[in-house]
>>> print(open('data.txt').read())   # compact mmCIF, C-alpha atoms
# COMPACT_ATOMS: atom_id res chain seq x y z
CA MET A 1 92.85 148.64 -153.39
CA GLY A 2 90.00 150.78 -152.06
CA LYS A 3 88.00 150.17 -155.22
CA GLU A 4 88.66 146.43 -154.94
CA GLU A 5 87.49 146.33 -151.33
CA LEU A 6 84.32 148.22 -152.24
CA ILE A 7 83.50 145.70 -154.99
CA LYS A 8 84.17 142.82 -152.62
CA GLY A 9 81.90 144.38 -150.00
CA VAL A 10 79.07 144.77 -152.52
CA LEU A 11 79.53 141.16 -153.65
CA TYR A 12 79.38 139.92 -150.04
CA VAL A 13 76.05 141.70 -149.52
CA VAL A 14 74.69 140.56 -152.87
CA ASN A 15 75.58 136.93 -152.16
CA VAL A 16 73.87 137.05 -148.78
CA LEU A 17 70.76 138.34 -150.59
CA TYR A 18 71.10 135.51 -153.13
CA ALA A 19 71.34 132.91 -150.38
CA ILE A 20 68.21 134.33 -148.70
CA PHE A 21 66.42 134.40 -152.07
CA GLY A 22 67.42 130.77 -152.71
CA LEU A 23 66.19 129.71 -149.27
CA VAL A 24 62.88 131.55 -149.73
CA THR A 25 62.45 130.07 -153.22
CA ALA A 26 63.02 126.52 -151.96
CA ALA A 27 60.67 127.11 -149.01
CA THR A 28 58.04 128.48 -151.41
CA GLY A 29 58.38 125.34 -153.52
CA ILE A 30 57.89 123.12 -150.45
CA TRP A 31 54.87 125.18 -149.34
CA PHE A 32 53.41 125.06 -152.87
CA PHE A 33 53.95 121.28 -152.95
CA VAL A 34 52.14 120.77 -149.61
CA GLN A 35 49.22 123.00 -150.66
CA LEU A 36 48.96 121.33 -154.06
CA SER A 37 49.15 117.82 -152.59
CA GLU A 38 46.09 118.53 -150.45
CA PHE A 39 44.32 119.98 -153.47
CA VAL A 40 45.24 117.22 -155.96
CA ALA A 41 44.16 114.58 -153.42
CA LEU A 42 40.60 115.55 -154.34
CA ARG A 43 41.04 114.23 -157.86
CA ASN A 44 39.28 111.04 -158.88
CA SER A 45 42.16 108.64 -159.59
CA ASN A 46 40.01 106.41 -161.82
CA HIS A 47 38.91 109.39 -163.89
CA TYR A 48 42.53 110.38 -164.55
CA LEU A 49 43.99 106.89 -164.72
CA LEU A 50 44.89 107.29 -168.40
CA ASP A 51 45.77 110.99 -168.17
CA TYR A 52 49.52 110.96 -168.74
CA ARG A 53 49.85 114.70 -169.27
CA VAL A 54 51.90 116.68 -166.78
CA TYR A 55 50.31 120.00 -165.85
CA TRP A 56 52.47 122.97 -164.85
CA PRO A 57 50.99 123.23 -161.31
CA GLN A 58 52.40 119.74 -160.67
CA VAL A 59 55.86 120.70 -161.97
CA ALA A 60 56.16 124.23 -160.55
CA PRO A 61 56.90 123.25 -156.90
CA TRP A 62 59.83 121.06 -157.93
CA LEU A 63 61.20 123.81 -160.19
CA PHE A 64 61.11 126.26 -157.27
CA ILE A 65 62.85 123.79 -154.94
CA LEU A 66 65.61 122.98 -157.45
CA LEU A 67 66.08 126.64 -158.38
CA GLY A 68 66.35 127.62 -154.72
CA LEU A 69 69.00 124.98 -153.99
CA PHE A 70 70.94 125.96 -157.13
CA VAL A 71 70.85 129.67 -156.22
CA MET A 72 72.19 128.90 -152.71
CA MET A 73 75.00 126.85 -154.25
CA VAL A 74 75.89 129.71 -156.63
CA ALA A 75 75.79 132.22 -153.76
CA PHE A 76 78.26 130.04 -151.83
CA CYS A 77 80.49 129.86 -154.91
CA GLY A 78 80.38 133.67 -155.24
CA TRP A 79 81.17 134.13 -151.55
CA CYS A 80 84.18 131.80 -151.73
CA GLY A 81 85.39 133.38 -154.97
CA THR A 82 85.21 136.86 -153.45
CA ASN A 83 86.82 135.83 -150.16
CA ARG A 84 89.69 133.95 -151.81
CA GLU A 85 89.96 136.42 -154.68
CA SER A 86 89.82 133.44 -157.02
CA ARG A 87 89.32 134.38 -160.66
CA GLY A 88 88.31 130.79 -161.46
CA LEU A 89 85.48 130.73 -158.90
CA LEU A 90 84.38 134.24 -159.88
CA GLY A 91 84.24 133.19 -163.53
CA ILE A 92 82.11 130.13 -162.69
CA TYR A 93 79.95 132.29 -160.43
CA GLY A 94 79.32 134.85 -163.18
CA LEU A 95 78.50 132.13 -165.72
CA PHE A 96 76.04 130.42 -163.38
CA LEU A 97 74.42 133.76 -162.56
CA ILE A 98 73.86 134.44 -166.26
CA LEU A 99 72.26 130.98 -166.61
CA ILE A 100 70.03 131.63 -163.58
CA ILE A 101 68.94 135.00 -164.97
CA LEU A 102 68.09 133.46 -168.34
CA GLY A 103 66.24 130.61 -166.61
CA GLN A 104 64.23 133.02 -164.42
CA VAL A 105 63.27 135.20 -167.37
CA ILE A 106 62.19 132.18 -169.43
CA ALA A 107 60.28 130.64 -166.50
CA ALA A 108 58.53 133.93 -165.67
CA THR A 109 57.60 134.44 -169.32
CA LEU A 110 56.17 130.91 -169.56
CA ILE A 111 54.15 131.43 -166.38
CA PHE A 112 52.74 134.75 -167.62
CA VAL A 113 51.91 133.18 -171.01
CA PHE A 114 50.46 129.85 -169.83
CA VAL A 115 49.02 130.77 -166.43
CA ASP A 116 45.80 131.88 -168.16
CA GLY A 117 45.85 128.88 -170.45
CA GLU A 118 42.96 126.53 -171.01
CA ASP A 119 44.87 123.49 -169.70
CA THR A 120 45.52 125.20 -166.36
CA ASP A 121 41.86 126.15 -165.94
CA ARG A 122 40.79 122.62 -166.85
CA PHE A 123 43.22 121.05 -164.37
CA ILE A 124 42.07 123.28 -161.49
CA LYS A 125 38.34 123.10 -162.24
CA ASP A 126 38.29 119.35 -162.92
CA THR A 127 40.06 118.79 -159.61
CA VAL A 128 37.47 120.89 -157.76
CA TYR A 129 34.55 119.17 -159.50
CA ASP A 130 36.02 115.75 -158.68
CA GLY A 131 36.37 116.76 -155.04
CA TYR A 132 32.83 118.11 -154.88
CA TYR A 133 31.19 115.04 -156.43
CA ASN A 134 33.30 112.58 -154.41
CA SER A 135 32.47 114.46 -151.21
CA GLN A 136 28.83 113.37 -151.58
CA SER A 137 29.74 109.73 -150.91
CA ASN A 138 33.12 109.85 -149.18
CA PRO A 139 33.33 111.45 -145.68
CA ASP A 140 37.11 111.89 -145.92
CA VAL A 141 36.83 113.75 -149.22
CA PHE A 142 33.99 115.81 -147.75
CA LYS A 143 36.32 116.93 -144.94
CA ALA A 144 39.15 117.63 -147.40
CA PHE A 145 36.83 119.67 -149.62
CA GLY A 146 35.63 121.53 -146.52
CA ARG A 147 39.22 122.52 -145.73
CA ILE A 148 39.50 123.98 -149.24
CA GLU A 149 36.24 125.90 -148.74
CA ARG A 150 37.43 127.31 -145.42
CA LYS A 151 40.88 128.20 -146.71
CA LEU A 152 39.71 129.85 -149.95
CA ARG A 153 36.45 131.23 -148.51
CA CYS A 154 34.42 129.61 -151.28
CA CYS A 155 31.33 127.39 -151.32
CA GLY A 156 30.54 124.40 -153.54
CA ALA A 157 32.01 123.78 -156.96
CA ASN A 158 30.07 126.58 -158.69
CA ASP A 159 28.33 128.28 -155.73
CA ALA A 160 26.21 127.50 -152.65
CA ARG A 161 23.30 126.25 -154.79
CA ASP A 162 25.27 123.08 -155.58
CA TYR A 163 24.33 121.67 -152.17
CA ARG A 164 20.57 122.05 -152.59
CA SER A 165 20.32 118.79 -154.57
CA TRP A 166 21.62 116.53 -151.80
CA ARG A 167 21.71 118.38 -148.46
CA ASN A 168 19.19 120.04 -146.16
CA ASP A 169 21.65 122.79 -145.26
CA LEU A 170 25.04 124.13 -146.24
CA PRO A 171 28.30 122.72 -144.82
CA LEU A 172 29.61 124.80 -141.93
CA THR A 173 32.72 125.57 -143.99
CA CYS A 174 30.56 127.72 -146.29
CA CYS A 175 29.69 130.11 -143.48
CA GLN A 176 31.67 132.75 -141.67
CA ASP A 177 32.70 131.88 -138.09
CA SER A 178 32.07 128.21 -138.92
CA TYR A 179 33.96 127.10 -135.81
CA TYR A 180 31.40 128.76 -133.52
CA ARG A 181 28.06 127.79 -135.06
CA ALA A 182 25.97 124.62 -135.22
CA THR A 183 24.32 125.03 -138.65
CA CYS A 184 24.68 126.97 -141.90
CA ASP A 185 21.36 127.62 -143.66
CA PHE A 186 20.75 128.11 -147.36
CA THR A 187 19.46 131.57 -146.49
CA ASP A 188 22.83 132.67 -145.07
CA LYS A 189 23.72 135.85 -146.95
CA GLU A 190 27.50 135.56 -146.62
CA ALA A 191 27.50 131.94 -147.84
CA ASN A 192 25.37 132.79 -150.87
CA GLU A 193 27.68 135.64 -151.81
CA ARG A 194 30.70 133.35 -151.93
CA LEU A 195 32.00 132.25 -155.31
CA GLY A 196 32.40 128.59 -156.21
CA CYS A 197 35.70 126.90 -155.36
CA ALA A 198 36.44 126.15 -159.03
CA LYS A 199 36.58 129.87 -159.83
CA VAL A 200 38.34 130.93 -156.62
CA ALA A 201 40.99 128.17 -156.83
CA SER A 202 41.77 129.08 -160.44
CA VAL A 203 42.20 132.78 -159.62
CA TYR A 204 44.15 131.97 -156.42
CA THR A 205 46.62 129.78 -158.33
CA LYS A 206 47.11 132.45 -161.00
CA ILE A 207 47.74 135.18 -158.43
CA ILE A 208 50.37 133.11 -156.61
CA SER A 209 52.11 132.10 -159.84
CA SER A 210 52.09 135.63 -161.27
CA SER A 211 53.42 137.06 -157.98
CA VAL A 212 56.28 134.56 -157.90
CA ALA A 213 57.06 135.22 -161.58
CA GLY A 214 57.09 139.00 -160.96
CA ALA A 215 59.33 138.61 -157.91
CA SER A 216 61.66 136.42 -159.95
CA LEU A 217 62.03 139.15 -162.58
CA LEU A 218 62.77 141.76 -159.90
CA ILE A 219 65.41 139.53 -158.31
CA SER A 220 67.01 139.05 -161.73
CA LEU A 221 67.79 142.80 -161.74
CA VAL A 222 69.82 142.35 -158.52
CA GLU A 223 71.52 139.33 -160.10
CA ILE A 224 72.56 141.44 -163.09
CA MET A 225 74.30 143.79 -160.64
CA GLY A 226 76.04 140.73 -159.19
CA VAL A 227 77.30 139.72 -162.62
CA ILE A 228 78.65 143.23 -163.21
CA MET A 229 80.40 143.33 -159.82
CA ALA A 230 81.89 139.85 -160.32
CA TRP A 231 83.17 140.86 -163.76
CA ARG A 232 84.76 144.05 -162.41
CA LEU A 233 86.48 142.18 -159.57
CA PHE A 234 87.58 139.50 -162.05
CA ASN A 235 89.22 142.17 -164.25
CA SER A 236 90.70 143.93 -161.24
CA LEU A 237 92.35 140.71 -160.06
CA ARG A 238 93.63 140.06 -163.57
CA GLU A 239 95.29 143.50 -163.63
CA VAL A 240 96.88 142.83 -160.23
CA GLU A 241 98.18 139.44 -161.40
CA HIS A 242 99.51 141.02 -164.60
CA TYR A 243 101.25 143.77 -162.58
CA ILE A 244 102.84 141.22 -160.20
CA THR A 245 104.02 139.09 -163.15
CA GLU A 246 105.59 142.09 -164.89
CA ARG A 247 107.31 143.16 -161.67
CA LYS A 248 108.78 139.69 -161.11
CA GLU A 249 110.04 139.62 -164.69
CA GLY A 250 111.65 143.05 -164.21
CA GLU A 251 113.39 141.93 -161.00
CA THR A 252 114.67 138.81 -162.78
CA GLU A 253 116.19 140.89 -165.60
CA CYS A 254 118.02 143.08 -163.08
>>> encode(input="data.txt", output="C-alpha cells")
Amino acid sequence: MGKEELIKGVLYVVNVLYAIFGLVTAATGIWFFVQLSEFVALRNSNHYLLDYRVYWPQVAPWLFILLGLFVMMVAFCGWCGTNRESRGLLGIYGLFLILIILGQVIAATLIFVFVDGEDTDRFIKDTVYDGYYNSQSNPDVFKAFGRIERKLRCCGANDARDYRSWRNDLPLTCCQDSYYRATCDFTDKEANERLGCAKVASVYTKIISSSVAGASLLISLVEIMGVIMAWRLFNSLREVEHYITERKEGETEC
C-alpha cells in the first residue's frame, strides 16, 4: 500500500501542475489574441477583401485557448481517477494525456518548421506596411501604429527615414522617453538606430512562438511521467481487484 500511496501522491502533484499549465496556456492564448487583434486592426480591409487564406498567427491564439481548457479538463479527470482509485477514469486520463503529448509535439514541430516561413513574414510585414501607409491619412490608425512603435521600440515600416517624405519631424513614439518630450527630430540618434516595425514585429512573433513551442515540448516530458504513473497505479489497482476477487472465490468454496 505504501507504493500505491506514493504513486497517488505523485499523480496529485502532477495533476496540479497540469491544471496550472492549462490555465497558463489558455491565458497565453487570450493575451496573444488581444495583442494580435490590435496588430491586425492595422490591416487594410479592402486590400485583403479577397484574401481567404488563414494565417497561423490568426489560428494560434485559439489553439492555445482550446488546448489550455482541454488540459485542465484532463487534469481534473486524473485527479478524480486518482482520488477514487477508478481504473476507468485513470485509463481515460492516460489516453487523453497521450493525445495531448502527440498534439503538443506536432504543434511545436509545425511552429518550428513554419515560423520562419515566407507566408508568416508576408502576413506580418504586409500588416505593418498597411498600418504605416494608412496612418498618413487616418489619425486613429496613426495612434494605433504609434502604440506598436512604442511597444516594440521600432520606428516606421522600414526605419525612421520613412517619415521624411510626409512629416517635418518624427512621431514621438519613435523616441525614447516619448511621454516627457514635445518633439522628436530626424537627428535623434536613438530613433535613427531603431529598426523598422516590419522587421521587429516579425522577429518578435517568431520569438514568442518558438518560446511557447519549446515550453510545450518541456511540459510534454512531465506529461510522459504522468502517463507512466497513471499506468502503474492502473496496474496496481488491477492487482488489488484480482486479489480481492480470488479471496472471495476462496471463501465461497470453503
>>> atom_distance(input="data.txt", atom1="CA of Leu218 (chain A)", atom2="CA of Ile30 (chain A)")
21.5 Å
>>> residues_around(input="data.txt", residues="Arg232 (chain A)", least_positions_apart="4", cutoff="12 Å", atoms="only C-alpha atoms", output="list in words")
Lys3, Glu4, Glu5, Leu6, Ile7, Lys8, Val10, Leu11, Thr82, Arg87, Leu90, Gly91, Gly94, Met225, Gly226, Val227, Ile228, Ser236, Leu237, Arg238 and Glu239 of chain A
>>> atom_distance(input="data.txt", atom1="CA of Ile100 (chain A)", atom2="CA of Gln35 (chain A)")
26.0 Å
>>> closest_residue(input="data.txt", among="A:Ile92, A:Cys174, A:Ala107, A:Ala60", to="Thr187 (chain A)", atoms="all atoms listed in the file")
A:Cys174
>>> atom_distance(input="data.txt", atom1="CA of Tyr129 (chain A)", atom2="CA of Asn192 (chain A)")
18.6 Å
>>> closest_residue(input="data.txt", among="A:Pro139, A:Gly22, A:Gly146, A:Gly78", to="Phe234 (chain A)", atoms="only C-alpha atoms")
A:Gly78
>>> closest_residue(input="data.txt", among="A:Leu102, A:Arg150, A:Phe114, A:Gly156", to="Lys199 (chain A)", atoms="all atoms listed in the file")
A:Gly156
>>> residues_around(input="data.txt", residues="Ala41 (chain A)", least_positions_apart="2", cutoff="9 Å", atoms="all atoms listed in the file", output="list in words")
Leu36, Ser37, Glu38, Phe39, Arg43, Asn44, Ser45, Thr127, Gly131, Val141 and Ala144 of chain A
>>> residues_around(input="data.txt", residues="Leu66 (chain A)", least_positions_apart="6", cutoff="12 Å", atoms="only C-alpha atoms", output="list in words")
Gly22, Leu23, Val24, Thr25, Ala26, Ala27, Thr28, Gly29, Ile30, Val59, Ala60, Met72, Met73, Ile100 and Gly103 of chain A
>>> write_last_selection(input="data.txt", atoms="C-alpha atoms", output="PDB file, keeping the file's coordinate frame")
ATOM      1  CA  GLY A  22      67.420 130.770-152.710  1.00  0.00           C
ATOM      2  CA  LEU A  23      66.190 129.710-149.270  1.00  0.00           C
ATOM      3  CA  VAL A  24      62.880 131.550-149.730  1.00  0.00           C
ATOM      4  CA  THR A  25      62.450 130.070-153.220  1.00  0.00           C
ATOM      5  CA  ALA A  26      63.020 126.520-151.960  1.00  0.00           C
ATOM      6  CA  ALA A  27      60.670 127.110-149.010  1.00  0.00           C
ATOM      7  CA  THR A  28      58.040 128.480-151.410  1.00  0.00           C
ATOM      8  CA  GLY A  29      58.380 125.340-153.520  1.00  0.00           C
ATOM      9  CA  ILE A  30      57.890 123.120-150.450  1.00  0.00           C
ATOM     10  CA  VAL A  59      55.860 120.700-161.970  1.00  0.00           C
ATOM     11  CA  ALA A  60      56.160 124.230-160.550  1.00  0.00           C
ATOM     12  CA  MET A  72      72.190 128.900-152.710  1.00  0.00           C
ATOM     13  CA  MET A  73      75.000 126.850-154.250  1.00  0.00           C
ATOM     14  CA  ILE A 100      70.030 131.630-163.580  1.00  0.00           C
ATOM     15  CA  GLY A 103      66.240 130.610-166.610  1.00  0.00           C
TER      16      GLY A 103
END
>>> residues_around(input="data.txt", residues="Ala182 (chain A)", least_positions_apart="6", cutoff="12 Å", atoms="all atoms listed in the file", output="PyMOL selection string")
chain A and resi 169-173+175-176
>>> closest_residue(input="data.txt", among="A:Val14, A:Leu89, A:Val200, A:Ile20", to="Arg153 (chain A)", atoms="all atoms listed in the file")
A:Val200
>>> closest_residue(input="data.txt", among="A:Ala215, A:Leu95, A:Ile208, A:Arg161", to="Asp188 (chain A)", atoms="only C-alpha atoms")
A:Arg161
>>> residues_near_point(input="data.txt", point="(28.9, 128.8, -156.6)", cutoff="9 Å", atoms="all atoms listed in the file", output="MDAnalysis selection string")
chainID A and resid 154:162 192:199
